[in-house]
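Structure file entry-v7.pdb with PDB, C-alpha atoms:
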```pdb
ATOM      1  CA  MET W   4      62.698  86.261  43.947
ATOM      2  CA  LYS W   5      64.042  83.793  41.392
ATOM      3  CA  GLU W   6      65.063  86.607  39.050
ATOM      4  CA  ARG W   7      66.852  88.422  41.880
ATOM      5  CA  SER W   8      68.589  85.196  42.806
ATOM      6  CA  LYS W   9      69.783  84.703  39.215
ATOM      7  CA  VAL W  10      71.005  88.303  39.005
ATOM      8  CA  PHE W  11      72.863  87.866  42.297
ATOM      9  CA  GLN W  12      74.473  84.643  41.059
ATOM     10  CA  ILE W  13      75.574  86.341  37.832
ATOM     11  CA  LEU W  14      77.062  89.280  39.720
ATOM     12  CA  LEU W  15      78.805  86.911  42.115
ATOM     13  CA  PHE W  16      80.187  84.927  39.181
ATOM     14  CA  VAL W  17      81.492  88.092  37.514
ATOM     15  CA  LEU W  18      83.067  89.239  40.782
ATOM     16  CA  MET W  19      84.781  85.864  41.253
ATOM     17  CA  CYS W  20      86.101  86.011  37.671
ATOM     18  CA  VAL W  21      87.538  89.484  38.282
ATOM     19  CA  LEU W  22      89.164  88.381  41.539
ATOM     20  CA  THR W  23      90.574  85.291  39.824
ATOM     21  CA  VAL W  24      92.170  87.438  37.124
ATOM     22  CA  LEU W  25      93.630  89.776  39.751
ATOM     23  CA  TRP W  26      95.162  86.829  41.641
ATOM     24  CA  VAL W  27      96.424  84.944  38.586
ATOM     25  CA  TYR W  28      97.785  87.953  36.661
ATOM     26  CA  PRO W  29     100.939  88.447  38.819
ATOM     27  CA  ILE W  30     101.815  84.756  38.488
ATOM     28  CA  PHE W  31     101.225  84.951  34.734
ATOM     29  CA  MET W  32     103.566  87.928  34.436
ATOM     30  CA  ILE W  33     106.253  86.100  36.416
ATOM     31  CA  LEU W  34     105.960  83.195  33.975
ATOM     32  CA  VAL W  35     106.132  85.586  31.008
ATOM     33  CA  ASN W  36     109.326  87.192  32.305
ATOM     34  CA  ALA W  37     110.812  83.796  33.104
ATOM     35  CA  LEU W  38     110.618  83.053  29.373
ATOM     36  CA  LYS W  39     112.494  86.222  28.369
ATOM     37  CA  VAL W  40     116.195  86.731  27.874
ATOM     38  CA  GLU W  41     117.912  88.752  30.575
ATOM     39  CA  SER W  42     118.297  91.907  28.505
ATOM     40  CA  ALA W  43     114.556  91.999  27.745
ATOM     41  CA  ILE W  44     113.509  92.218  31.406
ATOM     42  CA  THR W  45     113.457  95.966  31.995
ATOM     43  CA  THR W  46     111.121  98.411  33.683
ATOM     44  CA  SER W  47     109.530  99.397  30.383
ATOM     45  CA  THR W  48     109.078  95.837  29.045
ATOM     46  CA  VAL W  49     108.279  93.891  32.208
ATOM     47  CA  PHE W  50     104.547  93.803  31.402
ATOM     48  CA  SER W  51     104.912  92.977  27.711
ATOM     49  CA  LEU W  52     104.861  89.547  26.096
ATOM     50  CA  PRO W  53     108.217  88.220  24.852
ATOM     51  CA  SER W  54     108.990  88.842  21.200
ATOM     52  CA  ALA W  55     110.771  86.321  19.006
ATOM     53  CA  GLU W  56     114.131  87.958  19.787
ATOM     54  CA  ALA W  57     113.418  88.167  23.528
ATOM     55  CA  PHE W  58     112.096  84.615  23.912
ATOM     56  CA  ALA W  59     114.546  82.499  25.949
ATOM     57  CA  GLY W  60     112.564  79.264  26.140
ATOM     58  CA  PHE W  61     113.523  77.193  29.146
ATOM     59  CA  GLU W  62     117.050  78.585  29.373
ATOM     60  CA  ASN W  63     116.295  80.506  32.570
ATOM     61  CA  PHE W  64     114.806  77.392  34.172
ATOM     62  CA  ALA W  65     117.899  75.372  33.324
ATOM     63  CA  GLN W  66     120.155  78.129  34.655
ATOM     64  CA  ALA W  67     118.156  78.323  37.881
ATOM     65  CA  LEU W  68     118.482  74.564  38.386
ATOM     66  CA  ASN W  69     122.205  74.488  37.651
ATOM     67  CA  SER W  70     123.306  77.488  39.691
ATOM     68  CA  GLN W  71     123.011  79.025  43.140
ATOM     69  CA  GLY W  72     122.388  75.629  44.799
ATOM     70  CA  PHE W  73     118.716  75.509  43.830
ATOM     71  CA  LEU W  74     118.369  71.744  44.247
ATOM     72  CA  VAL W  75     120.084  71.847  47.644
ATOM     73  CA  SER W  76     117.731  74.605  48.813
ATOM     74  CA  LEU W  77     114.805  72.653  47.404
ATOM     75  CA  GLY W  78     115.889  69.692  49.506
ATOM     76  CA  TYR W  79     116.142  71.844  52.636
ATOM     77  CA  SER W  80     112.688  73.355  52.070
ATOM     78  CA  THR W  81     111.186  69.929  51.452
ATOM     79  CA  LEU W  82     112.811  68.490  54.584
ATOM     80  CA  ILE W  83     111.688  71.397  56.759
ATOM     81  CA  THR W  84     108.141  71.353  55.379
ATOM     82  CA  VAL W  85     107.649  67.594  55.672
ATOM     83  CA  THR W  86     109.074  67.275  59.191
ATOM     84  CA  SER W  87     107.298  70.387  60.487
ATOM     85  CA  VAL W  88     103.892  69.453  59.077
ATOM     86  CA  ALA W  89     104.206  65.839  60.250
ATOM     87  CA  ALA W  90     105.070  66.997  63.774
ATOM     88  CA  ILE W  91     102.205  69.506  63.813
ATOM     89  CA  ILE W  92      99.661  66.943  62.602
ATOM     90  CA  LEU W  93     100.695  64.220  65.052
ATOM     91  CA  CYS W  94     101.343  66.262  68.179
ATOM     92  CA  CYS W  95      98.517  68.777  67.805
ATOM     93  CA  SER W  96      95.847  66.197  66.974
ATOM     94  CA  MET W  97      96.766  64.148  70.038
ATOM     95  CA  CYS W  98      96.916  67.279  72.203
ATOM     96  CA  ALA W  99      93.534  68.528  70.962
ATOM     97  CA  TRP W 100      91.945  65.121  71.542
ATOM     98  CA  TYR W 101      93.283  64.952  75.094
ATOM     99  CA  ILE W 102      92.338  68.467  76.205
ATOM    100  CA  THR W 103      88.877  68.024  74.663
ATOM    101  CA  ARG W 104      88.076  64.673  76.223
ATOM    102  CA  VAL W 105      89.730  65.183  79.620
ATOM    103  CA  LYS W 106      87.826  68.010  81.285
ATOM    104  CA  SER W 107      89.867  70.033  83.757
ATOM    105  CA  LYS W 108      90.766  73.629  84.485
ATOM    106  CA  ILE W 109      94.344  73.032  83.377
ATOM    107  CA  ASN W 110      93.219  71.680  80.009
ATOM    108  CA  ASN W 111      90.820  74.587  79.548
ATOM    109  CA  PHE W 112      93.665  76.971  80.306
ATOM    110  CA  LEU W 113      95.925  75.175  77.805
ATOM    111  CA  TYR W 114      93.260  75.372  75.115
ATOM    112  CA  TYR W 115      92.823  79.121  75.508
ATOM    113  CA  LEU W 116      96.596  79.485  75.645
ATOM    114  CA  PHE W 117      96.820  77.811  72.225
ATOM    115  CA  VAL W 118      94.085  80.086  70.901
ATOM    116  CA  PHE W 119      95.831  83.154  72.336
ATOM    117  CA  SER W 120      99.079  82.186  70.601
ATOM    118  CA  MET W 121      97.408  82.783  67.232
ATOM    119  CA  VAL W 122      97.038  86.508  67.904
ATOM    120  CA  VAL W 123     100.560  87.119  69.231
ATOM    121  CA  PRO W 124     102.575  88.994  66.555
ATOM    122  CA  PHE W 125     105.713  87.180  65.463
ATOM    123  CA  GLN W 126     107.694  90.433  65.771
ATOM    124  CA  MET W 127     107.255  90.286  69.553
ATOM    125  CA  VAL W 128     109.313  87.115  69.859
ATOM    126  CA  MET W 129     111.589  87.032  66.828
ATOM    127  CA  PHE W 130     114.663  88.543  68.493
ATOM    128  CA  THR W 131     114.538  86.324  71.575
ATOM    129  CA  LEU W 132     113.680  83.398  69.294
ATOM    130  CA  SER W 133     116.917  83.795  67.369
ATOM    131  CA  GLN W 134     118.995  83.751  70.540
ATOM    132  CA  THR W 135     117.077  80.822  72.010
ATOM    133  CA  ALA W 136     117.401  78.810  68.785
ATOM    134  CA  ASP W 137     121.166  79.304  68.787
ATOM    135  CA  MET W 138     121.402  78.334  72.434
ATOM    136  CA  LEU W 139     119.349  75.139  71.963
ATOM    137  CA  LYS W 140     121.017  74.259  68.623
ATOM    138  CA  LEU W 141     117.761  74.554  66.686
ATOM    139  CA  ASN W 142     119.441  76.502  63.883
ATOM    140  CA  THR W 143     119.677  73.734  61.281
ATOM    141  CA  PRO W 144     117.134  72.380  58.768
ATOM    142  CA  TYR W 145     117.123  69.095  60.674
ATOM    143  CA  ASN W 146     115.628  70.412  63.915
ATOM    144  CA  ILE W 147     113.962  73.729  63.027
ATOM    145  CA  TRP W 148     110.719  71.743  62.874
ATOM    146  CA  ILE W 149     110.537  72.094  66.657
ATOM    147  CA  ILE W 150     110.146  75.860  66.268
ATOM    148  CA  TYR W 151     107.536  75.454  63.551
ATOM    149  CA  LEU W 152     105.663  73.043  65.809
ATOM    150  CA  GLY W 153     105.460  75.742  68.452
ATOM    151  CA  PHE W 154     104.243  78.463  66.102
ATOM    152  CA  GLY W 155     101.866  76.229  64.159
ATOM    153  CA  SER W 156     100.245  74.538  67.142
ATOM    154  CA  GLY W 157      97.772  77.334  67.891
ATOM    155  CA  LEU W 158      95.726  77.072  64.695
ATOM    156  CA  ALA W 159      96.127  73.294  64.483
ATOM    157  CA  VAL W 160      94.926  72.625  68.048
ATOM    158  CA  PHE W 161      92.022  75.030  67.564
ATOM    159  CA  MET W 162      90.850  73.246  64.407
ATOM    160  CA  PHE W 163      91.405  69.724  65.754
ATOM    161  CA  ALA W 164      89.664  70.506  69.045
ATOM    162  CA  GLY W 165      86.645  71.881  67.226
ATOM    163  CA  PHE W 166      86.338  68.722  65.150
ATOM    164  CA  VAL W 167      86.861  66.371  68.094
ATOM    165  CA  LYS W 168      83.964  68.071  69.915
ATOM    166  CA  SER W 169      81.677  66.965  67.089
ATOM    167  CA  ILE W 170      82.683  63.291  67.426
ATOM    168  CA  PRO W 171      80.234  61.335  69.630
ATOM    169  CA  VAL W 172      82.106  60.198  72.728
ATOM    170  CA  GLU W 173      80.034  56.997  72.742
ATOM    171  CA  ILE W 174      82.134  55.682  69.842
ATOM    172  CA  GLU W 175      85.283  55.929  71.912
ATOM    173  CA  GLU W 176      83.563  54.487  74.987
ATOM    174  CA  ALA W 177      82.459  51.463  72.956
ATOM    175  CA  ALA W 178      86.029  50.917  71.766
ATOM    176  CA  LEU W 179      87.267  51.223  75.350
ATOM    177  CA  ILE W 180      84.778  48.558  76.490
ATOM    178  CA  ASP W 181      86.015  46.298  73.692
ATOM    179  CA  GLY W 182      89.505  46.484  75.191
ATOM    180  CA  CYS W 183      91.196  49.203  73.155
ATOM    181  CA  SER W 184      93.902  51.252  74.820
ATOM    182  CA  PRO W 185      93.830  55.073  74.573
ATOM    183  CA  LEU W 186      96.420  54.983  71.787
ATOM    184  CA  GLN W 187      94.431  52.375  69.875
ATOM    185  CA  ILE W 188      91.283  54.479  70.259
ATOM    186  CA  PHE W 189      93.099  57.521  68.921
ATOM    187  CA  PHE W 190      94.789  55.904  65.918
ATOM    188  CA  LYS W 191      92.025  53.446  64.970
ATOM    189  CA  ILE W 192      88.907  55.460  65.812
ATOM    190  CA  VAL W 193      89.712  59.185  66.053
ATOM    191  CA  VAL W 194      92.330  59.591  63.308
ATOM    192  CA  PRO W 195      90.151  58.202  60.468
ATOM    193  CA  ILE W 196      87.332  60.566  61.510
ATOM    194  CA  LEU W 197      89.805  63.474  61.704
ATOM    195  CA  LYS W 198      90.924  62.994  58.090
ATOM    196  CA  PRO W 199      89.180  66.123  56.626
ATOM    197  CA  THR W 200      90.661  68.392  59.284
ATOM    198  CA  MET W 201      94.059  66.720  58.986
ATOM    199  CA  VAL W 202      94.100  67.416  55.253
ATOM    200  CA  SER W 203      93.072  71.034  55.846
ATOM    201  CA  VAL W 204      95.740  71.570  58.505
ATOM    202  CA  THR W 205      98.341  69.857  56.317
ATOM    203  CA  ILE W 206      97.662  72.163  53.373
ATOM    204  CA  LEU W 207      97.497  75.348  55.436
ATOM    205  CA  GLN W 208     100.655  74.563  57.397
ATOM    206  CA  ALA W 209     102.555  73.303  54.333
ATOM    207  CA  MET W 210     101.799  76.523  52.450
ATOM    208  CA  TRP W 211     102.993  78.562  55.432
ATOM    209  CA  VAL W 212     106.206  76.612  56.082
ATOM    210  CA  TRP W 213     107.127  76.256  52.408
ATOM    211  CA  ASN W 214     106.759  79.990  51.685
ATOM    212  CA  ASP W 215     108.146  81.242  54.996
ATOM    213  CA  TYR W 216     111.115  83.546  54.649
ATOM    214  CA  LEU W 217     111.448  85.421  57.933
ATOM    215  CA  LEU W 218     111.758  82.562  60.433
ATOM    216  CA  PRO W 219     114.461  80.572  58.569
ATOM    217  CA  THR W 220     116.363  83.805  57.930
ATOM    218  CA  LEU W 221     116.393  84.591  61.654
ATOM    219  CA  VAL W 222     117.196  81.078  62.833
ATOM    220  CA  LEU W 223     119.304  79.326  60.193
ATOM    221  CA  ASP W 224     122.931  80.057  59.407
ATOM    222  CA  ILE W 225     122.504  81.639  55.973
ATOM    223  CA  THR W 226     126.123  80.916  55.067
ATOM    224  CA  LYS W 227     125.388  77.169  55.292
ATOM    225  CA  TYR W 228     121.669  76.725  54.751
ATOM    226  CA  LYS W 229     119.209  78.471  52.462
ATOM    227  CA  THR W 230     115.602  77.531  51.919
ATOM    228  CA  ILE W 231     113.912  78.275  48.586
ATOM    229  CA  PRO W 232     112.538  81.715  49.641
ATOM    230  CA  MET W 233     115.960  82.652  51.028
ATOM    231  CA  LEU W 234     117.687  81.533  47.829
ATOM    232  CA  ILE W 235     115.338  83.586  45.648
ATOM    233  CA  GLN W 236     115.999  86.653  47.773
ATOM    234  CA  HIS W 237     119.757  86.237  47.334
ATOM    235  CA  PHE W 238     119.711  85.188  43.675
ATOM    236  CA  ARG W 239     122.702  86.759  41.995
ATOM    237  CA  GLY W 240     124.313  86.579  38.596
ATOM    238  CA  SER W 241     127.834  87.506  37.610
ATOM    239  CA  TYR W 242     129.481  90.452  39.379
ATOM    240  CA  GLY W 243     126.728  90.536  42.001
ATOM    241  CA  ARG W 244     124.053  91.478  39.473
ATOM    242  CA  VAL W 245     120.533  90.249  40.165
ATOM    243  CA  ALA W 246     119.715  87.547  37.611
ATOM    244  CA  MET W 247     116.073  88.419  36.972
ATOM    245  CA  GLY W 248     115.384  85.671  34.424
ATOM    246  CA  PRO W 249     116.571  82.741  36.565
ATOM    247  CA  MET W 250     114.970  84.374  39.607
ATOM    248  CA  MET W 251     111.580  84.472  37.891
ATOM    249  CA  ALA W 252     112.051  80.877  36.755
ATOM    250  CA  SER W 253     112.929  79.751  40.269
ATOM    251  CA  ILE W 254     109.792  81.468  41.610
ATOM    252  CA  ILE W 255     107.642  79.517  39.137
ATOM    253  CA  MET W 256     109.335  76.229  40.066
ATOM    254  CA  THR W 257     108.836  77.055  43.740
ATOM    255  CA  ILE W 258     105.117  77.733  43.285
ATOM    256  CA  ILE W 259     104.386  74.491  41.408
ATOM    257  CA  PRO W 260     104.797  71.956  44.297
ATOM    258  CA  ILE W 261     102.592  73.831  46.754
ATOM    259  CA  VAL W 262      99.945  74.479  44.080
ATOM    260  CA  ILE W 263      99.835  70.739  43.346
ATOM    261  CA  VAL W 264      99.407  69.991  47.053
ATOM    262  CA  TYR W 265      96.613  72.557  47.281
ATOM    263  CA  ILE W 266      94.774  71.217  44.220
ATOM    264  CA  LEU W 267      94.938  67.635  45.472
ATOM    265  CA  GLY W 268      93.451  68.515  48.845
ATOM    266  CA  GLN W 269      91.300  71.555  48.154
ATOM    267  CA  LYS W 270      87.998  69.689  48.496
ATOM    268  CA  HIS W 271      88.825  68.926  52.131
ATOM    269  CA  ILE W 272      89.763  72.500  53.123
ATOM    270  CA  ILE W 273      86.302  74.030  53.549
ATOM    271  CA  LYS W 274      84.983  70.872  55.182
ATOM    272  CA  GLY W 275      87.887  70.758  57.630
ATOM    273  CA  VAL W 276      87.812  74.469  58.478
ATOM    274  CA  ALA W 277      84.040  74.415  59.010
ATOM    275  CA  ALA W 278      84.313  71.331  61.221
ATOM    276  CA  GLY W 279      87.115  72.968  63.185
ATOM    277  CA  ALA W 280      84.869  75.905  63.975
ATOM    278  CA  VAL W 281      82.310  73.803  65.868
ATOM    279  CA  LYS W 282      81.621  75.220  69.312
ATOM    280  CA  GLY W 283      81.604  72.977  72.347
TER     281      GLY W 283
END
```

Mind turning the file's structure into structure tokens?
Amino acid sequence: MKERSKVFQILLFVLMCVLTVLWVYPIFMILVNALKVESAITTSTVFSLPSAEAFAGFENFAQALNSQGFLVSLGYSTLITVTSVAAIILCCSMCAWYITRVKSKINNFLYYLFVFSMVVPFQMVMFTLSQTADMLKLNTPYNIWIIYLGFGSGLAVFMFAGFVKSIPVEIEEAALIDGCSPLQIFFKIVVPILKPTMVSVTILQAMWVWNDYLLPTLVLDITKYKTIPMLIQHFRGSYGRVAMGPMMASIIMTIIPIVIVYILGQKHIIKGVAAGAVKG
């Protein structure tokens, strides 16, 4: 049995190494092409390492930063991501706590409605969403977080509710006897216990909002506002030519922030997801 277990572990390790290479290789090739001069990025040379003549250094990165409004788009993406994730964390954690602790048919219906929203394809609502966003003036980076709150609430409420079910209600009852108000119980008792799930939800939602291309394209006025994914899609050089070098460099710079966020909070992801799957 021990020998079989060791063989299984070795095979699993090899499989994970292969999968890691498959996932990292595309990012590596983007980085390689970001270091090439524009003329060296062709169909026949896209998978080759840059030669001494084709090596551009950080020229493409500097060009990406200084053209096409990259920093402005970076600011818009940061604003949208921060406000959307903050709203999702605050509103969905409070909602999940309430519908879990207050037992009623309405709350049960709301919970299953949140769960159902996770399986509704975005394509079913995207056309009416665009019209509704224009009508309600939700088509700017400053208030698009309301839309993200609606679409991100399903998964967040599901995970928060699962974790809250695992918290002994006696802790909250003791705080209530000591004179705490419901808000004090939530922020002083529940929130610290919810930290693993909050970190997991933050990372998952931040990765989604930061990389989202379709929703901002449908809602925002692209002549005024462009997020990072929208800017990369419309990256152009002189005479309308696609500037492949700066585009590759901008992709790398776009990946870095969300990778840092993921690395800093990765240890909480599995713990939070597993806790959010607890059945009541």

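Put simply, the PyMOL selection byres ((chain W and resi 121) around 10) on this file hits W:Leu116, W:Phe117, W:Val118, W:Phe119, W:Ser120, W:Val122, W:Val123, W:Pro124, W:Phe125, W:Phe154, W:Gly155, W:Ser156, W:Gly157, W:Leu158, W:Ala159, W:Phe161.
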
Evaluating the PyMOL selection byres ((chain W and resi 142) around 12) on the displayed file yields which residues, as an mmCIF file with C-alpha atoms, in the frame of the given file?
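Saved the output as result24.cif:
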```
data_model
loop_
_atom_site.group_PDB
_atom_site.id
_atom_site.type_symbol
_atom_site.label_atom_id
_atom_site.label_comp_id
_atom_site.auth_asym_id
_atom_site.auth_seq_id
_atom_site.Cartn_x
_atom_site.Cartn_y
_atom_site.Cartn_z
ATOM 1 C CA ILE W 83 111.688 71.397 56.759
ATOM 2 C CA LEU W 132 113.680 83.398 69.294
ATOM 3 C CA SER W 133 116.917 83.795 67.369
ATOM 4 C CA GLN W 134 118.995 83.751 70.540
ATOM 5 C CA THR W 135 117.077 80.822 72.010
ATOM 6 C CA ALA W 136 117.401 78.810 68.785
ATOM 7 C CA ASP W 137 121.166 79.304 68.787
ATOM 8 C CA MET W 138 121.402 78.334 72.434
ATOM 9 C CA LEU W 139 119.349 75.139 71.963
ATOM 10 C CA LYS W 140 121.017 74.259 68.623
ATOM 11 C CA LEU W 141 117.761 74.554 66.686
ATOM 12 C CA THR W 143 119.677 73.734 61.281
ATOM 13 C CA PRO W 144 117.134 72.380 58.768
ATOM 14 C CA TYR W 145 117.123 69.095 60.674
ATOM 15 C CA ASN W 146 115.628 70.412 63.915
ATOM 16 C CA ILE W 147 113.962 73.729 63.027
ATOM 17 C CA TRP W 148 110.719 71.743 62.874
ATOM 18 C CA ILE W 149 110.537 72.094 66.657
ATOM 19 C CA ILE W 150 110.146 75.860 66.268
ATOM 20 C CA TYR W 151 107.536 75.454 63.551
ATOM 21 C CA LEU W 218 111.758 82.562 60.433
ATOM 22 C CA PRO W 219 114.461 80.572 58.569
ATOM 23 C CA THR W 220 116.363 83.805 57.930
ATOM 24 C CA LEU W 221 116.393 84.591 61.654
ATOM 25 C CA VAL W 222 117.196 81.078 62.833
ATOM 26 C CA LEU W 223 119.304 79.326 60.193
ATOM 27 C CA ASP W 224 122.931 80.057 59.407
ATOM 28 C CA ILE W 225 122.504 81.639 55.973
ATOM 29 C CA THR W 226 126.123 80.916 55.067
ATOM 30 C CA LYS W 227 125.388 77.169 55.292
ATOM 31 C CA TYR W 228 121.669 76.725 54.751
ATOM 32 C CA LYS W 229 119.209 78.471 52.462
#
```

Self-check item: Target residues per the PyMOL selection byres ((chain W and resi 101) around 12), formatted as a PyMOL selection string
Solution: chain W and resi 94-100+102-107+109-111+113-114+160+163-164+167-168+185-186+188-189+193

Quiz item: Could you state the separation of atom CA of W:Ile92 and atom CA of W:Lys191 in Å, given to one decimal place?
Solution: 15.7 Å

Quiz item: Just how far from atom CA of W:Val262 is atom CA of W:Ser76, in Å to one decimal?
Solution: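 These atoms are spaced 18.4 Å apart.
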